[in-house]
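Trainee: Just one file: protein_31.cif, with mmCIF, C-alpha atoms.
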```cif
data_start
loop_
_atom_site.label_atom_id
_atom_site.label_comp_id
_atom_site.auth_asym_id
_atom_site.auth_seq_id
_atom_site.Cartn_x
_atom_site.Cartn_y
_atom_site.Cartn_z
CA MET I 1 -94.50 10.86 1.48
CA GLN I 2 -96.74 13.53 2.96
CA ARG I 3 -94.32 16.05 4.44
CA PHE I 4 -96.79 18.01 6.58
CA SER I 5 -99.55 16.56 8.67
CA LEU I 6 -101.83 17.24 11.61
CA SER I 7 -102.26 14.57 14.26
CA GLU I 8 -105.21 14.30 16.62
CA VAL I 9 -103.35 11.78 18.77
CA PRO I 10 -99.83 11.56 20.22
CA PHE I 11 -97.37 10.40 17.56
CA GLU I 12 -94.02 8.61 17.55
CA ILE I 13 -90.98 10.51 16.26
CA ALA I 14 -88.79 7.49 15.53
CA PRO I 15 -90.58 6.21 12.39
CA LEU I 16 -90.80 9.76 11.01
CA ARG I 17 -87.08 10.32 11.57
CA GLU I 18 -86.39 6.93 10.00
CA ARG I 19 -87.97 8.05 6.74
CA LEU I 20 -85.53 10.97 6.55
CA LEU I 21 -82.41 8.80 6.88
CA SER I 22 -80.41 8.67 3.67
CA ALA I 23 -76.93 7.58 2.64
CA HIS I 24 -76.60 10.96 0.91
CA ALA I 25 -77.38 12.96 4.03
CA GLY I 26 -74.62 13.80 6.49
CA ALA I 27 -76.71 16.12 8.63
CA TYR I 28 -80.06 15.96 10.38
CA ALA I 29 -81.60 18.80 12.36
CA SER I 30 -84.82 18.51 14.29
CA PHE I 31 -87.03 20.68 16.43
CA GLU I 32 -89.69 19.76 18.96
CA GLY I 33 -92.18 22.04 20.64
CA TRP I 34 -93.34 20.79 24.04
CA VAL I 35 -96.18 22.08 26.21
CA ARG I 36 -94.56 24.24 28.88
CA ASP I 37 -95.85 24.67 32.41
CA HIS I 38 -95.73 28.44 32.15
CA HIS I 39 -96.41 31.19 29.63
CA SER I 40 -95.81 34.92 30.08
CA GLY I 41 -95.43 34.36 33.80
CA ARG I 42 -98.66 32.39 34.24
CA ALA I 43 -98.80 28.76 35.36
CA VAL I 44 -100.30 26.67 32.56
CA ALA I 45 -102.37 23.56 33.37
CA GLY I 46 -102.81 22.32 29.81
CA LEU I 47 -103.86 23.39 26.36
CA ARG I 48 -105.84 22.61 23.28
CA TYR I 49 -104.87 23.18 19.68
CA GLU I 50 -107.63 23.79 17.19
CA SER I 51 -107.07 24.02 13.45
CA TYR I 52 -108.85 24.84 10.25
CA ALA I 53 -107.75 21.45 8.98
CA ALA I 54 -108.18 21.85 5.22
CA LEU I 55 -106.34 25.17 5.09
CA ALA I 56 -103.73 24.06 7.63
CA GLN I 57 -102.91 21.10 5.41
CA SER I 58 -102.57 23.15 2.24
CA GLU I 59 -100.58 25.90 3.97
CA GLY I 60 -98.35 23.28 5.60
CA ASP I 61 -97.80 21.61 2.23
CA THR I 62 -96.83 24.99 0.78
CA ILE I 63 -94.29 25.63 3.55
CA MET I 64 -92.65 22.24 3.03
CA ALA I 65 -92.46 22.83 -0.74
CA GLU I 66 -90.86 26.22 -0.09
CA ALA I 67 -88.29 24.62 2.23
CA ILE I 68 -87.38 21.98 -0.37
CA GLU I 69 -87.07 24.73 -2.99
CA ARG I 70 -85.05 27.21 -0.92
CA PHE I 71 -82.57 25.02 0.92
CA ALA I 72 -80.14 22.31 -0.20
CA ILE I 73 -81.87 19.60 1.80
CA VAL I 74 -82.59 15.94 1.13
CA ASP I 75 -86.00 15.76 2.79
CA ALA I 76 -88.13 17.27 5.55
CA CYS I 77 -91.18 16.44 7.62
CA CYS I 78 -93.42 18.32 10.06
CA VAL I 79 -96.24 17.05 12.27
CA HIS I 80 -98.42 19.29 14.45
CA ARG I 81 -100.73 18.02 17.17
CA VAL I 82 -104.31 19.19 17.49
CA GLY I 83 -106.70 18.51 20.36
CA ASP I 84 -106.04 18.43 24.11
CA LEU I 85 -102.43 18.31 25.30
CA ALA I 86 -100.99 17.97 28.80
CA ILE I 87 -97.84 19.62 30.17
CA GLY I 88 -94.75 18.04 28.64
CA GLU I 89 -96.56 16.61 25.61
CA LEU I 90 -95.11 16.98 22.15
CA ALA I 91 -96.98 19.73 20.25
CA VAL I 92 -94.97 19.95 17.05
CA TRP I 93 -92.04 18.14 15.47
CA VAL I 94 -89.84 19.12 12.53
CA GLY I 95 -87.09 16.94 11.02
CA VAL I 96 -84.76 17.83 8.13
CA SER I 97 -82.00 15.81 6.46
CA ALA I 98 -79.33 17.40 4.26
CA ALA I 99 -75.83 16.82 2.96
CA HIS I 100 -74.50 19.60 5.23
CA ARG I 101 -75.53 21.09 8.54
CA ASP I 102 -75.98 24.70 7.38
CA ALA I 103 -78.93 23.76 5.18
CA ALA I 104 -80.37 21.33 7.74
CA PHE I 105 -80.44 23.96 10.49
CA ALA I 106 -81.70 26.75 8.23
CA ALA I 107 -84.53 24.69 6.77
CA CYS I 108 -85.56 23.35 10.18
CA ARG I 109 -85.74 26.88 11.54
CA PHE I 110 -87.63 28.08 8.47
CA ILE I 111 -90.24 25.33 8.77
CA ILE I 112 -91.00 25.89 12.45
CA ASP I 113 -91.05 29.69 12.03
CA GLU I 114 -93.38 29.58 9.04
CA THR I 115 -95.60 26.94 10.65
CA LYS I 116 -96.00 29.10 13.75
CA GLY I 117 -96.60 32.20 11.66
CA ARG I 118 -98.85 31.01 8.87
CA VAL I 119 -100.61 27.72 9.53
CA PRO I 120 -104.17 28.17 10.85
CA ILE I 121 -103.75 26.50 14.22
CA TRP I 122 -104.79 28.18 17.47
CA LYS I 123 -103.68 27.53 21.00
CA HIS I 124 -106.19 27.61 23.84
CA GLU I 125 -104.37 27.72 27.17
CA ARG I 126 -105.89 26.71 30.49
CA TYR I 127 -104.21 28.36 33.44
CA ALA I 128 -103.66 27.01 36.94
CA ASP I 129 -105.91 29.77 38.34
CA GLY I 130 -108.89 28.40 36.37
CA ASP I 131 -108.79 31.03 33.65
CA ALA I 132 -108.43 30.09 29.98
CA ASP I 133 -107.69 32.00 26.79
CA TRP I 134 -107.11 31.80 23.07
CA LEU I 135 -103.70 33.03 22.00
CA HIS I 136 -103.87 35.50 19.14
CA PRO I 137 -100.39 37.02 19.08
CA THR I 138 -100.01 40.51 17.66
CA ALA I 139 -96.47 39.91 16.32
CA PRO I 140 -94.90 36.77 14.87
CA ALA I 141 -94.51 34.47 17.89
CA MET K 1 -75.52 13.98 34.24
CA GLN K 2 -72.41 13.90 32.08
CA ARG K 3 -73.24 16.25 29.23
CA PHE K 4 -70.48 15.21 26.83
CA SER K 5 -69.34 11.69 26.14
CA LEU K 6 -67.54 9.52 23.63
CA SER K 7 -69.07 6.19 22.68
CA GLU K 8 -67.16 3.26 21.22
CA VAL K 9 -70.42 1.52 20.28
CA PRO K 10 -73.66 2.60 18.59
CA PHE K 11 -75.91 4.42 21.07
CA GLU K 12 -79.64 5.03 21.40
CA ILE K 13 -80.88 8.61 21.14
CA ALA K 14 -84.24 8.09 22.88
CA PRO K 15 -82.97 7.74 26.47
CA LEU K 16 -80.63 10.71 26.01
CA ARG K 17 -83.46 12.86 24.67
CA GLU K 18 -85.63 11.66 27.55
CA ARG K 19 -83.21 13.14 30.08
CA LEU K 20 -83.60 16.56 28.47
CA LEU K 21 -87.41 16.61 28.73
CA SER K 22 -88.63 19.16 31.25
CA ALA K 23 -91.92 20.81 32.12
CA HIS K 24 -90.07 24.15 31.96
CA ALA K 25 -88.82 23.57 28.43
CA GLY K 26 -90.99 24.50 25.46
CA ALA K 27 -88.34 23.92 22.83
CA TYR K 28 -85.95 21.15 21.92
CA ALA K 29 -83.44 21.30 19.08
CA SER K 30 -81.24 18.42 18.05
CA PHE K 31 -78.57 17.67 15.51
CA GLU K 32 -77.28 14.38 14.18
CA GLY K 33 -74.26 13.77 12.00
CA TRP K 34 -74.51 10.66 9.86
CA VAL K 35 -71.81 8.95 7.80
CA ARG K 36 -72.36 10.04 4.21
CA ASP K 37 -71.63 7.95 1.14
CA HIS K 38 -69.61 10.73 -0.45
CA HIS K 39 -67.15 13.46 0.53
CA SER K 40 -65.67 16.13 -1.74
CA GLY K 41 -66.89 14.19 -4.75
CA ARG K 42 -65.37 10.84 -3.69
CA ALA K 43 -67.43 7.74 -2.91
CA VAL K 44 -66.91 6.82 0.75
CA ALA K 45 -67.03 3.17 1.85
CA GLY K 46 -66.79 3.76 5.59
CA LEU K 47 -64.81 5.57 8.22
CA ARG K 48 -63.14 5.42 11.57
CA TYR K 49 -63.04 8.08 14.26
CA GLU K 50 -60.06 8.17 16.55
CA SER K 51 -59.78 10.41 19.58
CA TYR K 52 -57.37 11.52 22.24
CA ALA K 53 -59.94 10.40 24.78
CA ALA K 54 -58.77 12.25 27.90
CA LEU K 55 -58.43 15.60 26.14
CA ALA K 56 -61.60 15.05 24.07
CA GLN K 57 -63.55 14.52 27.28
CA SER K 58 -62.22 17.64 29.00
CA GLU K 59 -62.61 19.79 25.88
CA GLY K 60 -66.15 18.43 25.37
CA ASP K 61 -66.98 19.20 29.01
CA THR K 62 -65.70 22.74 28.49
CA ILE K 63 -67.86 23.25 25.40
CA MET K 64 -70.99 22.07 27.21
CA ALA K 65 -70.25 24.37 30.16
CA GLU K 66 -69.80 27.27 27.73
CA ALA K 67 -73.15 26.46 26.09
CA ILE K 68 -74.95 26.40 29.45
CA GLU K 69 -73.28 29.70 30.36
CA ARG K 70 -73.91 31.53 27.06
CA PHE K 71 -77.44 30.51 26.15
CA ALA K 72 -80.75 30.51 28.03
CA ILE K 73 -81.12 26.75 27.87
CA VAL K 74 -82.45 24.17 30.31
CA ASP K 75 -80.00 21.38 29.50
CA ALA K 76 -77.85 19.94 26.71
CA CYS K 77 -76.12 16.71 25.80
CA CYS K 78 -73.62 15.61 23.14
CA VAL K 79 -72.34 12.13 22.28
CA HIS K 80 -69.67 11.43 19.66
CA ARG K 81 -68.89 7.98 18.29
CA VAL K 82 -65.35 6.68 17.99
CA GLY K 83 -64.21 3.53 16.19
CA ASP K 84 -65.37 2.05 12.89
CA LEU K 85 -68.61 3.36 11.35
CA ALA K 86 -70.52 2.25 8.27
CA ILE K 87 -72.42 4.46 5.81
CA GLY K 88 -75.59 5.83 7.42
CA GLU K 89 -74.41 5.28 11.00
CA LEU K 90 -74.85 7.98 13.60
CA ALA K 91 -71.52 9.74 14.20
CA VAL K 92 -72.54 12.53 16.56
CA TRP K 93 -75.69 13.64 18.32
CA VAL K 94 -76.51 16.93 20.07
CA GLY K 95 -79.73 17.66 21.97
CA VAL K 96 -80.71 20.91 23.69
CA SER K 97 -83.82 21.85 25.67
CA ALA K 98 -84.80 25.45 26.40
CA ALA K 99 -87.80 27.59 27.24
CA HIS K 100 -87.72 29.14 23.75
CA ARG K 101 -86.55 28.03 20.34
CA ASP K 102 -84.04 30.80 19.68
CA ALA K 103 -81.78 29.60 22.49
CA ALA K 104 -82.34 25.92 21.66
CA PHE K 105 -81.27 26.37 18.03
CA ALA K 106 -78.35 28.68 18.85
CA ALA K 107 -76.92 26.41 21.55
CA CYS K 108 -77.35 23.29 19.40
CA ARG K 109 -75.46 24.97 16.56
CA PHE K 110 -72.77 26.23 18.94
CA ILE K 111 -72.18 22.77 20.40
CA ILE K 112 -71.83 20.98 17.07
CA ASP K 113 -69.63 23.75 15.62
CA GLU K 114 -67.31 23.83 18.63
CA THR K 115 -67.19 20.05 18.83
CA LYS K 116 -66.15 19.81 15.20
CA GLY K 117 -63.64 22.62 15.60
CA ARG K 118 -61.99 21.90 18.94
CA VAL K 119 -62.46 18.36 20.22
CA PRO K 120 -59.49 16.10 19.41
CA ILE K 121 -61.30 13.56 17.22
CA TRP K 122 -60.02 12.60 13.78
CA LYS K 123 -61.85 11.06 10.87
CA HIS K 124 -60.20 8.40 8.74
CA GLU K 125 -62.13 7.87 5.52
CA ARG K 126 -61.95 4.76 3.38
CA TYR K 127 -62.91 5.41 -0.21
CA ALA K 128 -64.65 3.12 -2.69
CA ASP K 129 -61.51 3.12 -4.85
CA GLY K 130 -59.49 1.49 -2.05
CA ASP K 131 -57.70 4.66 -0.99
CA ALA K 132 -57.95 5.95 2.59
CA ASP K 133 -57.02 9.18 4.32
CA TRP K 134 -57.00 11.14 7.54
CA LEU K 135 -58.96 14.37 7.36
CA HIS K 136 -57.00 17.33 8.67
CA PRO K 137 -59.02 20.30 7.47
CA THR K 138 -57.20 23.58 6.95
CA ALA K 139 -60.19 25.74 7.87
CA PRO K 140 -62.99 25.14 10.38
CA ALA K 141 -65.07 22.36 8.79
CA MET M 1 -32.31 16.47 29.01
CA SER M 2 -35.86 15.48 29.97
CA ARG M 3 -37.23 12.01 29.43
CA LEU M 4 -40.93 12.26 28.52
CA THR M 5 -43.61 10.40 26.61
CA VAL M 6 -44.91 11.62 23.25
CA LEU M 7 -48.33 10.59 21.88
CA TYR M 8 -49.09 10.52 18.16
CA PHE M 9 -52.57 10.60 16.63
CA ALA M 10 -54.11 10.19 13.18
CA SER M 11 -51.67 11.01 10.33
CA LEU M 12 -48.81 11.62 12.78
CA ARG M 13 -49.21 8.12 14.18
CA ASP M 14 -49.32 6.64 10.69
CA ALA M 15 -46.15 8.54 9.71
CA ALA M 16 -44.31 7.63 12.93
CA GLY M 17 -45.55 4.05 12.78
CA ILE M 18 -46.10 4.17 16.56
CA ALA M 19 -48.79 5.60 18.85
CA SER M 20 -46.32 6.77 21.48
CA GLU M 21 -42.67 6.76 22.34
CA SER M 22 -40.36 7.73 25.17
CA VAL M 23 -37.90 10.44 24.14
CA GLU M 24 -34.97 12.35 25.62
CA ALA M 25 -35.93 15.93 24.93
CA ASP M 26 -33.07 18.41 24.64
CA ALA M 27 -35.17 21.09 22.94
CA ARG M 28 -35.70 24.42 24.71
CA ASP M 29 -39.46 24.34 24.18
CA LEU M 30 -42.27 22.13 22.84
CA ARG M 31 -41.94 23.72 19.42
CA GLY M 32 -38.33 22.60 19.24
CA LEU M 33 -39.34 19.13 20.44
CA TYR M 34 -41.85 18.81 17.61
CA GLU M 35 -39.35 20.06 15.03
CA SER M 36 -36.79 17.43 16.05
CA LEU M 37 -39.43 14.65 15.98
CA ARG M 38 -40.76 15.95 12.65
CA ALA M 39 -37.26 15.65 11.20
CA ARG M 40 -36.89 12.13 12.59
CA HIS M 41 -40.31 10.80 11.44
CA GLY M 42 -40.91 12.93 8.33
CA PHE M 43 -44.20 14.45 9.51
CA ALA M 44 -45.90 16.45 6.75
CA LEU M 45 -47.73 18.84 9.07
CA PRO M 46 -45.87 22.04 10.03
CA VAL M 47 -46.03 23.15 13.65
CA GLU M 48 -48.37 26.04 12.69
CA ARG M 49 -51.13 23.57 11.88
CA LEU M 50 -50.89 21.70 15.19
CA ARG M 51 -51.82 22.29 18.77
CA VAL M 52 -49.90 20.78 21.66
CA ALA M 53 -51.15 19.28 24.92
CA VAL M 54 -49.27 18.31 28.06
CA ASP M 55 -50.71 15.79 30.50
CA GLY M 56 -54.17 15.98 28.93
CA ALA M 57 -54.54 19.79 28.76
CA PHE M 58 -53.79 22.19 25.92
CA ALA M 59 -50.42 23.88 26.39
CA ARG M 60 -48.28 26.60 24.77
CA TRP M 61 -45.55 25.89 22.26
CA ASP M 62 -43.06 28.00 24.19
CA GLU M 63 -43.36 25.87 27.33
CA ALA M 64 -40.27 23.87 28.24
CA PRO M 65 -40.51 20.07 28.02
CA ARG M 66 -40.99 18.65 31.53
CA ALA M 67 -39.43 15.35 32.57
CA GLY M 68 -42.04 12.65 33.13
CA SER M 69 -44.80 14.52 31.29
CA GLU M 70 -46.99 13.21 28.47
CA VAL M 71 -46.86 15.42 25.39
CA ALA M 72 -49.43 15.12 22.58
CA PHE M 73 -49.26 16.80 19.20
CA ILE M 74 -52.79 17.52 17.98
CA PRO M 75 -53.30 17.58 14.18
CA PRO M 76 -56.26 19.55 12.81
CA VAL M 77 -59.36 17.81 14.14
CA SER M 78 -62.16 16.39 12.00
CA GLY M 79 -64.88 15.06 14.28
CA GLY M 80 -68.59 15.57 13.70
CA MET L 1 -127.68 38.66 -1.99
CA SER L 2 -125.46 35.58 -1.78
CA ARG L 3 -126.16 32.72 0.56
CA LEU L 4 -122.88 31.31 1.83
CA THR L 5 -121.39 29.49 4.80
CA VAL L 6 -119.16 31.22 7.32
CA LEU L 7 -116.72 29.30 9.55
CA TYR L 8 -115.57 30.62 12.93
CA PHE L 9 -112.44 29.50 14.77
CA ALA L 10 -110.87 30.04 18.19
CA SER L 11 -111.97 33.29 19.88
CA LEU L 12 -114.36 34.10 17.02
CA ARG L 13 -116.17 30.81 17.54
CA ASP L 14 -116.36 31.42 21.28
CA ALA L 15 -117.77 34.92 20.69
CA ALA L 16 -120.28 33.76 18.07
CA GLY L 17 -121.22 30.69 20.08
CA ILE L 18 -121.27 28.67 16.87
CA ALA L 19 -118.64 27.06 14.63
CA SER L 20 -120.41 27.97 11.41
CA GLU L 21 -123.54 29.56 10.07
CA SER L 22 -125.32 30.13 6.78
CA VAL L 23 -125.68 33.82 6.00
CA GLU L 24 -127.26 36.02 3.33
CA ALA L 25 -124.38 38.29 2.37
CA ASP L 26 -125.33 41.67 0.99
CA ALA L 27 -121.88 43.17 1.51
CA ARG L 28 -119.87 44.31 -1.52
CA ASP L 29 -116.74 42.46 -0.40
CA LEU L 30 -115.48 40.06 2.25
CA ARG L 31 -114.33 42.97 4.39
CA GLY L 32 -117.89 44.26 4.51
CA LEU L 33 -119.16 40.78 5.28
CA TYR L 34 -116.84 40.54 8.29
CA GLU L 35 -117.82 44.00 9.52
CA SER L 36 -121.51 43.09 9.49
CA LEU L 37 -120.88 39.80 11.30
CA ARG L 38 -118.57 41.55 13.76
CA ALA L 39 -121.38 43.95 14.60
CA ARG L 40 -123.82 41.07 15.02
CA HIS L 41 -121.58 38.86 17.20
CA GLY L 42 -119.47 41.47 18.95
CA PHE L 43 -116.09 40.14 17.72
CA ALA L 44 -113.19 41.89 19.44
CA LEU L 45 -110.71 41.43 16.58
CA PRO L 46 -110.63 44.17 13.93
CA VAL L 47 -110.42 43.10 10.31
CA GLU L 48 -106.79 44.28 10.14
CA ARG L 49 -105.74 41.45 12.45
CA LEU L 50 -107.47 38.72 10.45
CA ARG L 51 -106.93 36.89 7.20
CA VAL L 52 -109.77 35.55 5.13
CA ALA L 53 -110.08 32.26 3.23
CA VAL L 54 -112.63 31.11 0.67
CA ASP L 55 -113.22 27.41 0.01
CA GLY L 56 -110.05 26.41 1.83
CA ALA L 57 -107.62 28.90 0.22
CA PHE L 58 -106.47 32.30 1.42
CA ALA L 59 -108.37 35.10 -0.33
CA ARG L 60 -108.36 38.91 -0.58
CA TRP L 61 -110.61 41.13 1.49
CA ASP L 62 -111.80 43.00 -1.60
CA GLU L 63 -113.19 39.87 -3.24
CA ALA L 64 -116.96 39.75 -3.56
CA PRO L 65 -118.83 37.12 -1.52
CA ARG L 66 -119.74 34.21 -3.80
CA ALA L 67 -123.00 32.30 -3.40
CA GLY L 68 -122.43 28.76 -2.15
CA SER L 69 -118.87 29.40 -1.02
CA GLU L 70 -117.37 28.67 2.39
CA VAL L 71 -115.78 31.73 3.98
CA ALA L 72 -113.44 31.47 6.97
CA PHE L 73 -112.12 34.33 9.06
CA ILE L 74 -108.66 33.49 10.33
CA PRO L 75 -107.63 35.06 13.66
CA PRO L 76 -103.90 35.47 14.38
CA VAL L 77 -102.52 31.93 14.55
CA SER L 78 -100.67 30.45 17.53
CA GLY L 79 -99.52 26.98 16.61
CA GLY L 80 -96.09 25.57 17.45
#
```
What does the file become when written as structure tokens?
Mentor:
Amino acid sequence: MQRFSLSEVPFEIAPLRERLLSAHAGAYASFEGWVRDHHSGRAVAGLRYESYAALAQSEGDTIMAEAIERFAIVDACCVHRVGDLAIGELAVWVGVSAAHRDAAFAACRFIIDETKGRVPIWKHERYADGDADWLHPTAPA
Amino acid sequence: MQRFSLSEVPFEIAPLRERLLSAHAGAYASFEGWVRDHHSGRAVAGLRYESYAALAQSEGDTIMAEAIERFAIVDACCVHRVGDLAIGELAVWVGVSAAHRDAAFAACRFIIDETKGRVPIWKHERYADGDADWLHPTAPA
Amino acid sequence: MSRLTVLYFASLRDAAGIASESVEADARDLRGLYESLRARHGFALPVERLRVAVDGAFARWDEAPRAGSEVAFIPPVSGG
Amino acid sequence: MSRLTVLYFASLRDAAGIASESVEADARDLRGLYESLRARHGFALPVERLRVAVDGAFARWDEAPRAGSEVAFIPPVSGG
């Protein structure tokens, strides 16, 4: 199972979650990032995610391996969209199964934080006023 | 929308999650508790949840109101199964939408912790060796 | 004397062999009511490990039993 | 002189007007290579805010440019 992947098209969560189900796991934590209609006080019309695909894949793989190593989890998966997204669309999904909820929550948080901080994906926001911009945050988002 | 509910039958997550989607929400955290095949080193064959339904409902409602009050979230929902459950079945589900992930994770954790600690629901485990027992934990589980 | 209904859940119900019963309470407070029922049914759980509810809301152990009310003894919960 | 390929992403690509180009690198290290390309294309981001990758793996700024390699300058990321 490939734990990290980029998707150029909308993807279904259900089959991904299904793969994490296990008779040994009592806890499952998940996170979803959705495209919001506002950012820093500006009305957002839509956005585009661009990635350096080869490096994003290897960095994503590294993050998932770190999560498996650090936390007492059964399995984990993360999918990040690239391309054009509309308001309300799913941008990123993380799912983690574990025997206990402490590890499930901690690993889920770790994966989304590291993905946002390290994986070479960039967000290009189009604003309602016609402006558009690349987001290059100065501090960890 | 009733934010907390007990369910005597298996329930679908998708329509519950759907109700939490919002153009204002950029983050969604969820938690699921599944019936594990082991507990404290013993092989578990299945379990039954019993509740004091009237008090469980009012205490659940209180927890959800506290979560809405304490955290910067858009909405939240929690459903807990009662009755007989097999290994791998969904026992409890929590979903939270928020503008940002900090609040989504914190509220999701709060709701599952408080539900486990305060809502009058009891777990009766049947073990593979034929034994069975009510779980009355001495410390917060 | 107050006639009221007592509800039993989980291990208390198993020990009592019934889910509820109507009792004549002569105890001064709910704590005393539990102690007398514990003696009758042989409940393992001491009052310190329970909570008590009256008519569907959590109550205090030092409240007096009210005639016609529904009293529930709440063992440590284990949902989730 | 090392002929290599440079990849541009996000605001760097917009500023350069191209996604990649083949360059003759005469800089001593990758930091120097970025500085020369920054001067040519007018990139707003200083080297301190970037990371650098060579052939699909993160690299160090003090590495020497290698002929035939693929160098990518990584602006601050904003996925999630």
Trainee: When the PyMOL selection byres ((chain I) within 10 of (chain L)) is applied to the structure above, which residues does it catch, written out as a VMD selection string?
Mentor: chain I and resid 32 to 35 49 to 59 79 to 82 90 to 93 112 to 124 133 to 141
Trainee: Would you please work out which residue, of I:Ser22, I:Ser40, I:Ser5, I:Thr62, is nearest to chain K when using only C-alpha atoms?
Mentor: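 Checking each candidate against chain K, we get I:Ser22 as the closest.
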Trainee: Chain I residues within 9 Å of chain K, counting only C-alpha atoms: which ones, as a list in words?
Mentor: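 The contacting residues on chain I are Ala14, Leu21, Ser22, Ala23, His24, Ala25, Gly26, Ala27, Tyr28, Ala29, Ser30, Phe31, Glu32, Gly33, Trp34, Val35, Arg36, Asp37, His38, Ile87, Gly88, Ala99, His100, Arg101, Ala104, Phe105 and Arg109 of chain I.
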Trainee: Rounded to one decimal in Å, what is the spacing between atom CA of Glu63 of chain M and atom CA of Ile63 of chain K?
Mentor: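 The value is 24.7 Å.
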Trainee: For the atom pair atom CA of Glu21 of chain M and atom CA of Ala39 of chain M, what is the interatomic distance in Å to one decimal place?
Mentor: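 According to the coordinates, atom CA of Glu21 of chain M and atom CA of Ala39 of chain M are separated by 15.2 Å.
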Trainee: Using atom CA of Ala65 of chain I and atom CA of Leu16 of chain I as the two end points, give the distance in Å to one decimal.
Mentor: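 It comes out at 17.7 Å.
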Trainee: When the PyMOL selection byres ((chain M and resi 64-67) around 12) is applied to the file above, which residues end up in the set, as a PyMOL selection string?
Mentor: chain M and resi 1-6+22-34+52-55+59-63+68-72
Trainee: With all atoms listed in the file counted, which protein, DNA or RNA residues have an atom no more than 6 Å from (-42.4, 20.4, 14.0) in the file frame? Please answer as number ranges by chain.
Mentor: M: 34-35, 38, 46-47
Trainee: Taking C-alpha atoms for each residue, export the selection above as a PDB file, in the coordinates of the input.
Mentor:
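Contents of the output file out24.pdb:
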```pdb
ATOM      1  CA  TYR M  34     -41.850  18.810  17.610  1.00  0.00           C
ATOM      2  CA  GLU M  35     -39.350  20.060  15.030  1.00  0.00           C
ATOM      3  CA  ARG M  38     -40.760  15.950  12.650  1.00  0.00           C
ATOM      4  CA  PRO M  46     -45.870  22.040  10.030  1.00  0.00           C
ATOM      5  CA  VAL M  47     -46.030  23.150  13.650  1.00  0.00           C
TER       6      VAL M  47
END
```
Trainee: Excluding Gly42 of chain M and its own-chain neighbours fewer than 5 positions away, which residues fall within 8 Å of it when counting only C-alpha atoms? Please give them as a list in words.
Mentor: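 In the requested form, the answer reads Ala15, Ala16 and Leu37 of chain M.
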